[in-house]
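**Q** I'm passing along coords16.cif; it holds mmCIF, C-alpha atoms.
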data_protein
loop_
_atom_site.label_atom_id
_atom_site.label_comp_id
_atom_site.auth_asym_id
_atom_site.auth_seq_id
_atom_site.Cartn_x
_atom_site.Cartn_y
_atom_site.Cartn_z
CA SER W 1 -31.08 13.39 0.85
CA SER W 2 -32.27 10.79 -1.63
CA SER W 3 -33.02 10.57 -5.35
CA VAL W 4 -34.69 8.00 -7.58
CA MET W 5 -33.58 6.99 -11.07
CA GLN W 6 -36.03 5.07 -13.29
CA GLY W 7 -34.87 2.99 -16.22
CA ASN W 8 -35.25 -0.44 -17.81
CA ASN W 9 -38.37 -1.06 -15.69
CA ASN W 10 -36.25 -0.83 -12.58
CA THR W 11 -36.08 1.82 -9.89
CA VAL W 12 -32.72 2.70 -8.35
CA ARG W 13 -32.75 4.76 -5.18
CA TYR W 14 -29.71 6.78 -4.16
CA ILE W 15 -29.44 7.96 -0.55
CA ASN W 16 -26.76 10.51 0.35
CA HIS W 17 -25.90 11.31 3.95
CA ASP W 18 -23.89 14.51 4.30
CA GLY W 19 -23.26 14.22 8.03
CA ASP W 20 -20.26 12.76 9.81
CA PRO W 21 -19.29 10.36 8.41
CA ARG W 22 -20.43 11.13 4.87
CA TRP W 23 -21.85 8.11 3.05
CA MET W 24 -23.90 7.11 0.03
CA SER W 25 -26.14 4.06 -0.46
CA MET W 26 -27.82 2.61 -3.54
CA ILE W 27 -30.80 0.23 -3.36
CA ASN W 28 -32.54 -1.43 -6.30
CA ASP W 29 -34.42 -4.56 -7.34
CA GLY W 30 -31.94 -7.21 -8.41
CA GLY W 31 -34.62 -9.49 -9.85
CA SER W 32 -35.87 -12.93 -8.79
CA GLY W 33 -36.74 -11.65 -5.34
CA TYR W 34 -33.29 -10.19 -4.61
CA THR W 35 -32.38 -6.63 -3.64
CA PHE W 36 -29.07 -5.14 -4.72
CA TRP W 37 -27.61 -2.83 -2.09
CA GLN W 38 -24.40 -0.83 -1.97
CA PHE W 39 -22.97 1.36 0.78
CA ARG W 40 -20.01 3.69 0.24
CA LEU W 41 -18.29 5.39 3.14
CA ALA W 42 -16.34 8.53 2.20
CA ASP W 43 -14.15 8.85 5.29
CA ASN W 44 -11.15 6.57 4.70
CA GLU W 45 -10.20 6.43 8.39
CA LYS W 46 -13.72 5.42 9.42
CA ALA W 47 -13.95 2.96 6.53
CA MET W 48 -10.79 1.26 7.77
CA ALA W 49 -12.33 1.10 11.28
CA VAL W 50 -15.47 -0.57 9.90
CA SER W 51 -13.45 -2.97 7.73
CA GLY W 52 -13.33 -6.55 8.85
CA ASN W 53 -10.08 -7.16 6.98
CA GLN W 54 -7.91 -4.06 7.43
CA GLY W 55 -9.32 -2.50 4.27
CA ARG W 56 -8.53 -5.43 1.97
CA GLY W 57 -12.14 -6.48 1.43
CA GLY W 58 -13.78 -9.87 1.53
CA LEU W 59 -17.06 -11.77 1.97
CA GLY W 60 -18.84 -12.33 5.27
CA LEU W 61 -16.31 -10.54 7.45
CA ALA W 62 -17.07 -10.82 11.16
CA GLY W 63 -18.61 -7.73 12.74
CA ALA W 64 -19.39 -5.94 9.45
CA LYS W 65 -23.16 -5.91 9.96
CA GLU W 66 -22.99 -4.60 13.53
CA LYS W 67 -20.58 -1.82 12.55
CA LEU W 68 -22.69 -0.75 9.57
CA LEU W 69 -25.85 -0.62 11.66
CA ALA W 70 -24.06 1.59 14.17
CA LEU W 71 -22.94 3.94 11.37
CA VAL W 72 -26.43 4.45 9.92
CA ALA W 73 -28.32 4.52 13.23
CA GLY W 74 -30.85 7.34 13.22
CA THR W 75 -30.08 8.48 9.66
CA CYS W 76 -32.22 6.47 7.19
CA ASP W 77 -34.80 3.80 7.99
CA ASP W 78 -34.61 2.23 4.51
CA VAL W 79 -30.84 1.68 4.67
CA THR W 80 -31.14 0.39 8.24
CA SER W 81 -33.85 -2.07 7.15
CA VAL W 82 -31.72 -3.40 4.29
CA ILE W 83 -28.71 -3.97 6.56
CA GLN W 84 -30.90 -5.65 9.18
CA ALA W 85 -32.40 -7.97 6.55
CA ILE W 86 -29.13 -9.15 5.00
CA ARG W 87 -27.14 -11.99 6.51
CA GLU W 88 -23.64 -11.02 7.58
CA GLU W 89 -22.16 -13.86 5.52
CA ASP W 90 -23.68 -12.25 2.40
CA ILE W 91 -22.13 -8.82 2.97
CA PHE W 92 -19.18 -8.31 0.63
CA GLU W 93 -16.68 -5.63 1.53
CA ARG W 94 -15.10 -4.13 -1.57
CA SER W 95 -11.82 -2.32 -1.19
CA ILE W 96 -11.24 0.68 -3.46
CA VAL W 97 -7.61 1.71 -3.48
CA GLY W 98 -5.27 4.06 -5.30
CA ARG W 99 -3.36 2.44 -8.15
CA TYR W 100 -0.28 3.67 -9.98
CA PRO W 101 0.31 2.78 -13.66
CA LEU W 102 2.65 -0.17 -14.08
CA LYS W 103 6.10 0.58 -15.47
CA THR W 104 5.58 -2.04 -18.16
CA TRP W 105 3.04 -4.66 -19.20
CA LEU W 106 5.75 -6.88 -20.71
CA SER W 107 7.61 -9.66 -18.97
CA GLY W 108 11.33 -9.62 -18.27
CA SER W 109 13.84 -8.98 -20.99
CA ASN W 110 12.35 -11.25 -23.65
CA GLY W 111 8.83 -9.79 -23.79
CA ARG W 112 7.17 -13.15 -24.32
CA LEU W 113 4.25 -12.39 -21.99
CA VAL W 114 2.05 -9.32 -21.69
CA LEU W 115 -0.60 -8.25 -19.20
CA VAL W 116 -4.06 -7.21 -20.40
CA GLY W 117 -7.29 -6.09 -18.74
CA ASP W 118 -7.40 -5.44 -15.00
CA ALA W 119 -4.01 -7.10 -14.56
CA ALA W 120 -2.53 -4.29 -16.67
CA HIS W 121 -4.74 -1.33 -15.81
CA GLY W 122 -7.08 -2.03 -12.90
CA MET W 123 -9.03 1.14 -12.15
CA HIS W 124 -11.66 2.74 -9.93
CA PRO W 125 -15.15 1.56 -10.95
CA THR W 126 -16.75 5.02 -11.11
CA LEU W 127 -16.16 5.33 -14.88
CA ALA W 128 -17.37 1.77 -15.54
CA GLN W 129 -14.33 1.38 -17.80
CA GLY W 130 -12.65 -1.73 -16.39
CA ALA W 131 -14.29 -4.18 -18.79
CA ASN W 132 -14.41 -1.68 -21.66
CA GLN W 133 -10.68 -1.03 -21.52
CA GLY W 134 -10.08 -4.78 -21.31
CA PHE W 135 -12.10 -5.33 -24.50
CA ILE W 136 -10.19 -2.55 -26.26
CA SER W 137 -6.88 -4.11 -25.23
CA ALA W 138 -8.00 -7.57 -26.35
CA ALA W 139 -8.93 -6.25 -29.79
CA ALA W 140 -5.68 -4.30 -30.03
CA ILE W 141 -3.50 -7.29 -29.18
CA VAL W 142 -5.27 -9.40 -31.82
CA ASP W 143 -4.64 -6.67 -34.40
CA MET W 144 -0.95 -6.49 -33.49
CA LEU W 145 -0.48 -10.25 -33.57
CA ASP W 146 -2.03 -10.25 -37.04
CA LYS W 147 0.07 -7.29 -38.22
CA TYR W 148 3.34 -8.74 -36.93
CA ARG W 149 2.51 -12.33 -37.74
CA GLY W 150 5.41 -14.61 -36.84
CA ASP W 151 7.12 -12.02 -34.64
CA TYR W 152 5.22 -12.07 -31.36
CA ARG W 153 7.83 -9.98 -29.53
CA ALA W 154 7.31 -7.12 -31.98
CA ALA W 155 3.55 -7.61 -31.75
CA LEU W 156 3.51 -7.41 -27.96
CA ALA W 157 5.94 -4.50 -27.81
CA ASN W 158 3.88 -2.49 -30.28
CA PHE W 159 0.68 -3.41 -28.48
CA GLU W 160 2.09 -1.94 -25.27
CA ARG W 161 3.44 1.12 -27.12
CA TYR W 162 -0.01 1.76 -28.59
CA ARG W 163 -2.28 0.92 -25.66
CA LYS W 164 -0.42 1.76 -22.46
CA PRO W 165 -0.32 5.59 -22.74
CA ARG W 166 -4.07 5.70 -23.39
CA ALA W 167 -4.95 3.17 -20.70
CA ASP W 168 -2.74 4.98 -18.17
CA LEU W 169 -4.71 8.18 -18.80
CA VAL W 170 -8.06 6.42 -18.37
CA GLN W 171 -6.80 4.75 -15.18
CA ALA W 172 -5.70 8.09 -13.71
CA PHE W 173 -8.93 9.81 -14.77
CA ALA W 174 -10.94 7.04 -13.11
CA SER W 175 -9.10 7.77 -9.85
CA VAL W 176 -9.91 11.49 -10.18
CA MET W 177 -13.59 10.68 -10.61
CA GLY W 178 -13.44 8.18 -7.76
CA ILE W 179 -12.08 10.89 -5.46
CA LEU W 180 -14.92 13.19 -6.55
CA GLN W 181 -17.47 10.49 -5.77
CA ALA W 182 -15.95 9.56 -2.42
CA THR W 183 -15.08 12.97 -1.02
CA GLY W 184 -16.73 15.60 -3.22
CA GLN W 185 -13.29 17.01 -4.06
CA GLN W 186 -13.36 18.27 -7.65
CA LEU W 187 -9.88 18.17 -9.14
CA LEU W 188 -10.90 19.08 -12.70
CA SER W 189 -13.38 21.63 -14.01
CA PRO W 190 -16.82 20.40 -15.22
CA ASP W 191 -15.81 21.15 -18.83
CA GLU W 192 -12.55 19.23 -18.44
CA MET W 193 -14.35 16.23 -16.96
CA SER W 194 -16.93 16.30 -19.76
CA ASP W 195 -14.29 16.63 -22.50
CA MET W 196 -12.18 13.82 -21.01
CA MET W 197 -15.18 11.52 -20.63
CA GLY W 198 -16.07 12.14 -24.27
CA TRP W 199 -12.53 11.21 -25.31
CA VAL W 200 -12.66 8.00 -23.26
CA LEU W 201 -16.01 6.94 -24.72
CA ARG W 202 -15.21 7.77 -28.34
CA ASN W 203 -11.89 5.87 -28.26
CA GLU W 204 -10.72 7.36 -31.55
CA ASP W 205 -7.11 6.55 -32.47
CA THR W 206 -6.58 9.89 -34.17
CA GLU W 207 -8.01 11.98 -31.30
CA SER W 208 -5.78 13.23 -28.51
CA ALA W 209 -7.01 13.58 -24.94
CA PRO W 210 -7.70 17.16 -23.77
CA ALA W 211 -4.31 18.80 -23.25
CA SER W 212 -5.10 20.47 -19.92
CA VAL W 213 -6.38 17.18 -18.50
CA VAL W 214 -3.32 15.29 -19.73
CA ASP W 215 -1.03 17.86 -18.09
CA PHE W 216 -2.87 17.45 -14.80
CA LEU W 217 -3.00 13.64 -14.89
CA ARG W 218 0.73 13.34 -15.56
CA LYS W 219 1.39 15.02 -12.20
CA PHE W 220 -1.58 13.52 -10.36
CA ASP W 221 -0.94 11.16 -7.41
CA PRO W 222 -4.08 9.11 -6.61
CA CYS W 223 -2.78 8.23 -3.15
CA ASP W 224 -2.16 11.84 -2.14
CA HIS W 225 -5.81 12.50 -1.34
CA THR W 226 -8.16 11.80 1.54
CA GLY W 227 -10.66 9.03 0.92
CA VAL W 228 -8.17 6.90 -1.01
CA SER W 229 -6.60 3.87 0.61
CA LYS W 230 -2.81 3.72 0.37
CA LEU W 231 -2.62 -0.07 0.74
CA TRP W 232 -1.23 -0.42 -2.76
#
Take the structure from the file and write it as structure tokens.

**A**
Amino acid sequence: SSSVMQGNNNTVRYINHDGDPRWMSMINDGGSGYTFWQFRLADNEKAMAVSGNQGRGGLGLAGAKEKLLALVAGTCDDVTSVIQAIREEDIFERSIVGRYPLKTWLSGSNGRLVLVGDAAHGMHPTLAQGANQGFISAAAIVDMLDKYRGDYRAALANFERYRKPRADLVQAFASVMGILQATGQQLLSPDEMSDMMGWVLRNEDTESAPASVVDFLRKFDPCDHTGVSKLW
């Protein structure tokens, strides 16, 4: 099946293949004569077999083009044409893996260094929250450094105390949505997903995340599901 989304004078085509293996492809005009193309393979075992780097990703991996063409053979002429047209050295394999929240963002016993952004809370791209959460953390750390001026240890400790619980929830929710995208497995109800997404986007300090979702995410293991790589 395929669908077309129109916006910003650009057409994005989504192609979903529900056979074995299940895959999804997105094709759109990247501008300046370039075409942006993405191919997502839902079956983790087959994805690892196609991988040119044991699932760790990379650019221009040997054999990637031939393996992709074999996967889509006889399914969709448009996807086949795109793969045939691209040079193998321009194919970038992106690895999407399960991530657990870090125990702490602070360094050692003195707390002089702190992680922010993807280093602190790298997450599945389905929610498009990687950069957003990084911006929120950057603003929060500036506020804490200003509030605890002259005492950077207190500033960093309070930054982690404020940001980490929220970022951990967003990171776990991103994995839930990534599993839904990759395998079709729905771990939360539509209302729960909608309520949680609203909480993420509003980012209100005084608003708590939906209680039922929080309860689920605290017990959720992103690596205990098919379609998720357990490399990390």

**Q** Once the PyMOL selection byres ((chain W and resi 221) around 10) is applied to the coordinates I shared, what remains selected? I want it as a list of chain:residue names.

**A**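 With the PyMOL selection byres ((chain W and resi 221) around 10) on this model, the match is W:Gly98, W:Arg99, W:Tyr100, W:Ala172, W:Ser175, W:Val176, W:Phe216, W:Leu217, W:Arg218, W:Lys219, W:Phe220, W:Pro222, W:Cys223, W:Asp224, W:His225.
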
**Q** May I have the residues from that selection written out with C-alpha atoms, as a compact mmCIF listing (two decimals), in the frame of the given file?

**A**
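Writing the result to result-v2.txt gives the following:
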# COMPACT_ATOMS: atom_id res chain seq x y z
CA GLY W 98 -5.27 4.06 -5.30
CA ARG W 99 -3.36 2.44 -8.15
CA TYR W 100 -0.28 3.67 -9.98
CA ALA W 172 -5.70 8.09 -13.71
CA SER W 175 -9.10 7.77 -9.85
CA VAL W 176 -9.91 11.49 -10.18
CA PHE W 216 -2.87 17.45 -14.80
CA LEU W 217 -3.00 13.64 -14.89
CA ARG W 218 0.73 13.34 -15.56
CA LYS W 219 1.39 15.02 -12.20
CA PHE W 220 -1.58 13.52 -10.36
CA PRO W 222 -4.08 9.11 -6.61
CA CYS W 223 -2.78 8.23 -3.15
CA ASP W 224 -2.16 11.84 -2.14
CA HIS W 225 -5.81 12.50 -1.34

**Q** Can you tell me which residues surround region 114-118 of chain W at a distance of at most 9 Å, considering only C-alpha atoms, apart from same-chain residues fewer than 3 positions away, and format the answer as a list in words?

**A**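 Non-adjacent residues within range: Thr104, Trp105, Leu106, Ser107, Gly111, His121, Gly122, Met123, Gly130, Ala131, Asn132, Gln133, Gly134, Phe135, Ile136, Ser137, Ala138, Ile141, Leu156, Ala157 and Glu160 of chain W.
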
**Q** Rounded to one decimal in Å, what is the spacing between CA of Ala211 (chain W) and CA of Leu180 (chain W)?

**A**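 For CA of Ala211 (chain W) relative to CA of Leu180 (chain W), the distance reads 20.6 Å.
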
**Q** Of the candidates W:Ala70, W:Gly184, W:Ala47, W:Ala167, which one gets nearest to Asp18 (chain W) if we count only C-alpha atoms?

**A**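 Closest candidate: W:Gly184.
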
**Q** To one decimal place, how far is CA of Ile91 (chain W) from CA of Trp37 (chain W) in Å?

**A**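 It comes out at 9.6 Å.
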
**Q** Measuring atom to atom with all atoms listed in the file, identify which of W:Gly30, W:Phe159, W:Ala128, W:Gly63 is nearest to Leu145 (chain W).

**A**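 Checking each candidate against Leu145 (chain W), we get W:Phe159 as the closest.
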
**Q** Between CA of Glu204 (chain W) and CA of Arg112 (chain W), what is the distance in Å, rounded to a tenth?

**A**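 Spanning CA of Glu204 (chain W) to CA of Arg112 (chain W) is a straight-line distance of 28.2 Å.
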
**Q** Output the residue selection produced by the PyMOL selection byres ((chain W and resi 21) around 8) on the file above, formatted as a VMD selection string.

**A** chain W and resid 18 to 20 22 to 23 41 to 43 46 71

**Q** Can you put all heavy atoms back into region 209-220 of chain W and show it as an mmCIF file, keeping the file's coordinate frame?

**A**
data_model
loop_
_atom_site.group_PDB
_atom_site.id
_atom_site.type_symbol
_atom_site.label_atom_id
_atom_site.label_comp_id
_atom_site.auth_asym_id
_atom_site.auth_seq_id
_atom_site.Cartn_x
_atom_site.Cartn_y
_atom_site.Cartn_z
ATOM 1 N N ALA W 209 -6.282 13.190 -26.149
ATOM 2 C CA ALA W 209 -7.010 13.580 -24.940
ATOM 3 C C ALA W 209 -6.837 15.080 -24.715
ATOM 4 O O ALA W 209 -5.851 15.672 -25.157
ATOM 5 C CB ALA W 209 -6.481 12.803 -23.740
ATOM 6 N N PRO W 210 -7.806 15.715 -24.039
ATOM 7 C CA PRO W 210 -7.700 17.160 -23.770
ATOM 8 C C PRO W 210 -6.377 17.516 -23.110
ATOM 9 O O PRO W 210 -5.995 16.916 -22.100
ATOM 10 C CB PRO W 210 -8.892 17.422 -22.826
ATOM 11 C CG PRO W 210 -9.870 16.334 -23.131
ATOM 12 C CD PRO W 210 -9.044 15.140 -23.474
ATOM 13 N N ALA W 211 -5.668 18.489 -23.677
ATOM 14 C CA ALA W 211 -4.310 18.800 -23.250
ATOM 15 C C ALA W 211 -4.221 19.208 -21.784
ATOM 16 O O ALA W 211 -3.305 18.779 -21.069
ATOM 17 C CB ALA W 211 -3.738 19.913 -24.139
ATOM 18 N N SER W 212 -5.164 20.027 -21.317
ATOM 19 C CA SER W 212 -5.100 20.470 -19.920
ATOM 20 C C SER W 212 -5.294 19.317 -18.952
ATOM 21 O O SER W 212 -4.684 19.281 -17.873
ATOM 22 C CB SER W 212 -6.150 21.556 -19.652
ATOM 23 O OG SER W 212 -7.470 21.042 -19.801
ATOM 24 N N VAL W 213 -6.148 18.349 -19.348
ATOM 25 C CA VAL W 213 -6.380 17.180 -18.500
ATOM 26 C C VAL W 213 -5.140 16.286 -18.484
ATOM 27 O O VAL W 213 -4.732 15.784 -17.435
ATOM 28 C CB VAL W 213 -7.613 16.383 -18.974
ATOM 29 C CG1 VAL W 213 -7.818 15.154 -18.094
ATOM 30 C CG2 VAL W 213 -8.850 17.267 -18.967
ATOM 31 N N VAL W 214 -4.537 16.093 -19.645
ATOM 32 C CA VAL W 214 -3.320 15.290 -19.730
ATOM 33 C C VAL W 214 -2.224 15.884 -18.852
ATOM 34 O O VAL W 214 -1.542 15.168 -18.105
ATOM 35 C CB VAL W 214 -2.834 15.175 -21.191
ATOM 36 C CG1 VAL W 214 -1.471 14.494 -21.253
ATOM 37 C CG2 VAL W 214 -3.846 14.405 -22.033
ATOM 38 N N ASP W 215 -2.056 17.198 -18.918
ATOM 39 C CA ASP W 215 -1.030 17.860 -18.090
ATOM 40 C C ASP W 215 -1.279 17.603 -16.610
ATOM 41 O O ASP W 215 -0.336 17.348 -15.841
ATOM 42 C CB ASP W 215 -1.028 19.366 -18.359
ATOM 43 C CG ASP W 215 -0.476 19.717 -19.730
ATOM 44 O OD1 ASP W 215 0.196 18.860 -20.327
ATOM 45 O OD2 ASP W 215 -0.743 20.835 -20.208
ATOM 46 N N PHE W 216 -2.548 17.678 -16.203
ATOM 47 C CA PHE W 216 -2.870 17.450 -14.800
ATOM 48 C C PHE W 216 -2.633 15.995 -14.410
ATOM 49 O O PHE W 216 -2.035 15.703 -13.362
ATOM 50 C CB PHE W 216 -4.323 17.829 -14.520
ATOM 51 C CG PHE W 216 -4.791 17.427 -13.146
ATOM 52 C CD1 PHE W 216 -4.476 18.200 -12.037
ATOM 53 C CD2 PHE W 216 -5.515 16.260 -12.954
ATOM 54 C CE1 PHE W 216 -4.889 17.823 -10.766
ATOM 55 C CE2 PHE W 216 -5.929 15.868 -11.694
ATOM 56 C CZ PHE W 216 -5.615 16.656 -10.592
ATOM 57 N N LEU W 217 -3.094 15.063 -15.235
ATOM 58 C CA LEU W 217 -3.000 13.640 -14.890
ATOM 59 C C LEU W 217 -1.561 13.155 -14.821
ATOM 60 O O LEU W 217 -1.256 12.235 -14.058
ATOM 61 C CB LEU W 217 -3.790 12.801 -15.901
ATOM 62 C CG LEU W 217 -5.313 13.009 -15.906
ATOM 63 C CD1 LEU W 217 -5.962 12.146 -16.983
ATOM 64 C CD2 LEU W 217 -5.907 12.681 -14.539
ATOM 65 N N ARG W 218 -0.680 13.754 -15.588
ATOM 66 C CA ARG W 218 0.730 13.340 -15.560
ATOM 67 C C ARG W 218 1.389 13.665 -14.221
ATOM 68 O O ARG W 218 2.367 13.037 -13.841
ATOM 69 C CB ARG W 218 1.487 13.999 -16.715
ATOM 70 C CG ARG W 218 1.214 13.331 -18.063
ATOM 71 C CD ARG W 218 1.892 14.049 -19.199
ATOM 72 N NE ARG W 218 1.694 13.328 -20.455
ATOM 73 C CZ ARG W 218 1.855 13.880 -21.661
ATOM 74 N NH1 ARG W 218 2.234 15.155 -21.761
ATOM 75 N NH2 ARG W 218 1.672 13.171 -22.756
ATOM 76 N N LYS W 219 0.840 14.652 -13.508
ATOM 77 C CA LYS W 219 1.390 15.020 -12.200
ATOM 78 C C LYS W 219 0.518 14.533 -11.046
ATOM 79 O O LYS W 219 0.890 14.685 -9.883
ATOM 80 C CB LYS W 219 1.517 16.550 -12.122
ATOM 81 C CG LYS W 219 2.519 17.135 -13.104
ATOM 82 C CD LYS W 219 2.551 18.650 -13.065
ATOM 83 C CE LYS W 219 1.416 19.247 -13.861
ATOM 84 N NZ LYS W 219 1.509 20.700 -14.031
ATOM 85 N N PHE W 220 -0.589 13.920 -11.352
ATOM 86 C CA PHE W 220 -1.580 13.520 -10.360
ATOM 87 C C PHE W 220 -1.139 12.267 -9.592
ATOM 88 O O PHE W 220 -0.692 11.291 -10.186
ATOM 89 C CB PHE W 220 -2.915 13.258 -11.067
ATOM 90 C CG PHE W 220 -3.942 12.547 -10.245
ATOM 91 C CD1 PHE W 220 -4.529 13.169 -9.145
ATOM 92 C CD2 PHE W 220 -4.342 11.265 -10.574
ATOM 93 C CE1 PHE W 220 -5.484 12.514 -8.397
ATOM 94 C CE2 PHE W 220 -5.293 10.612 -9.839
ATOM 95 C CZ PHE W 220 -5.873 11.236 -8.735
#
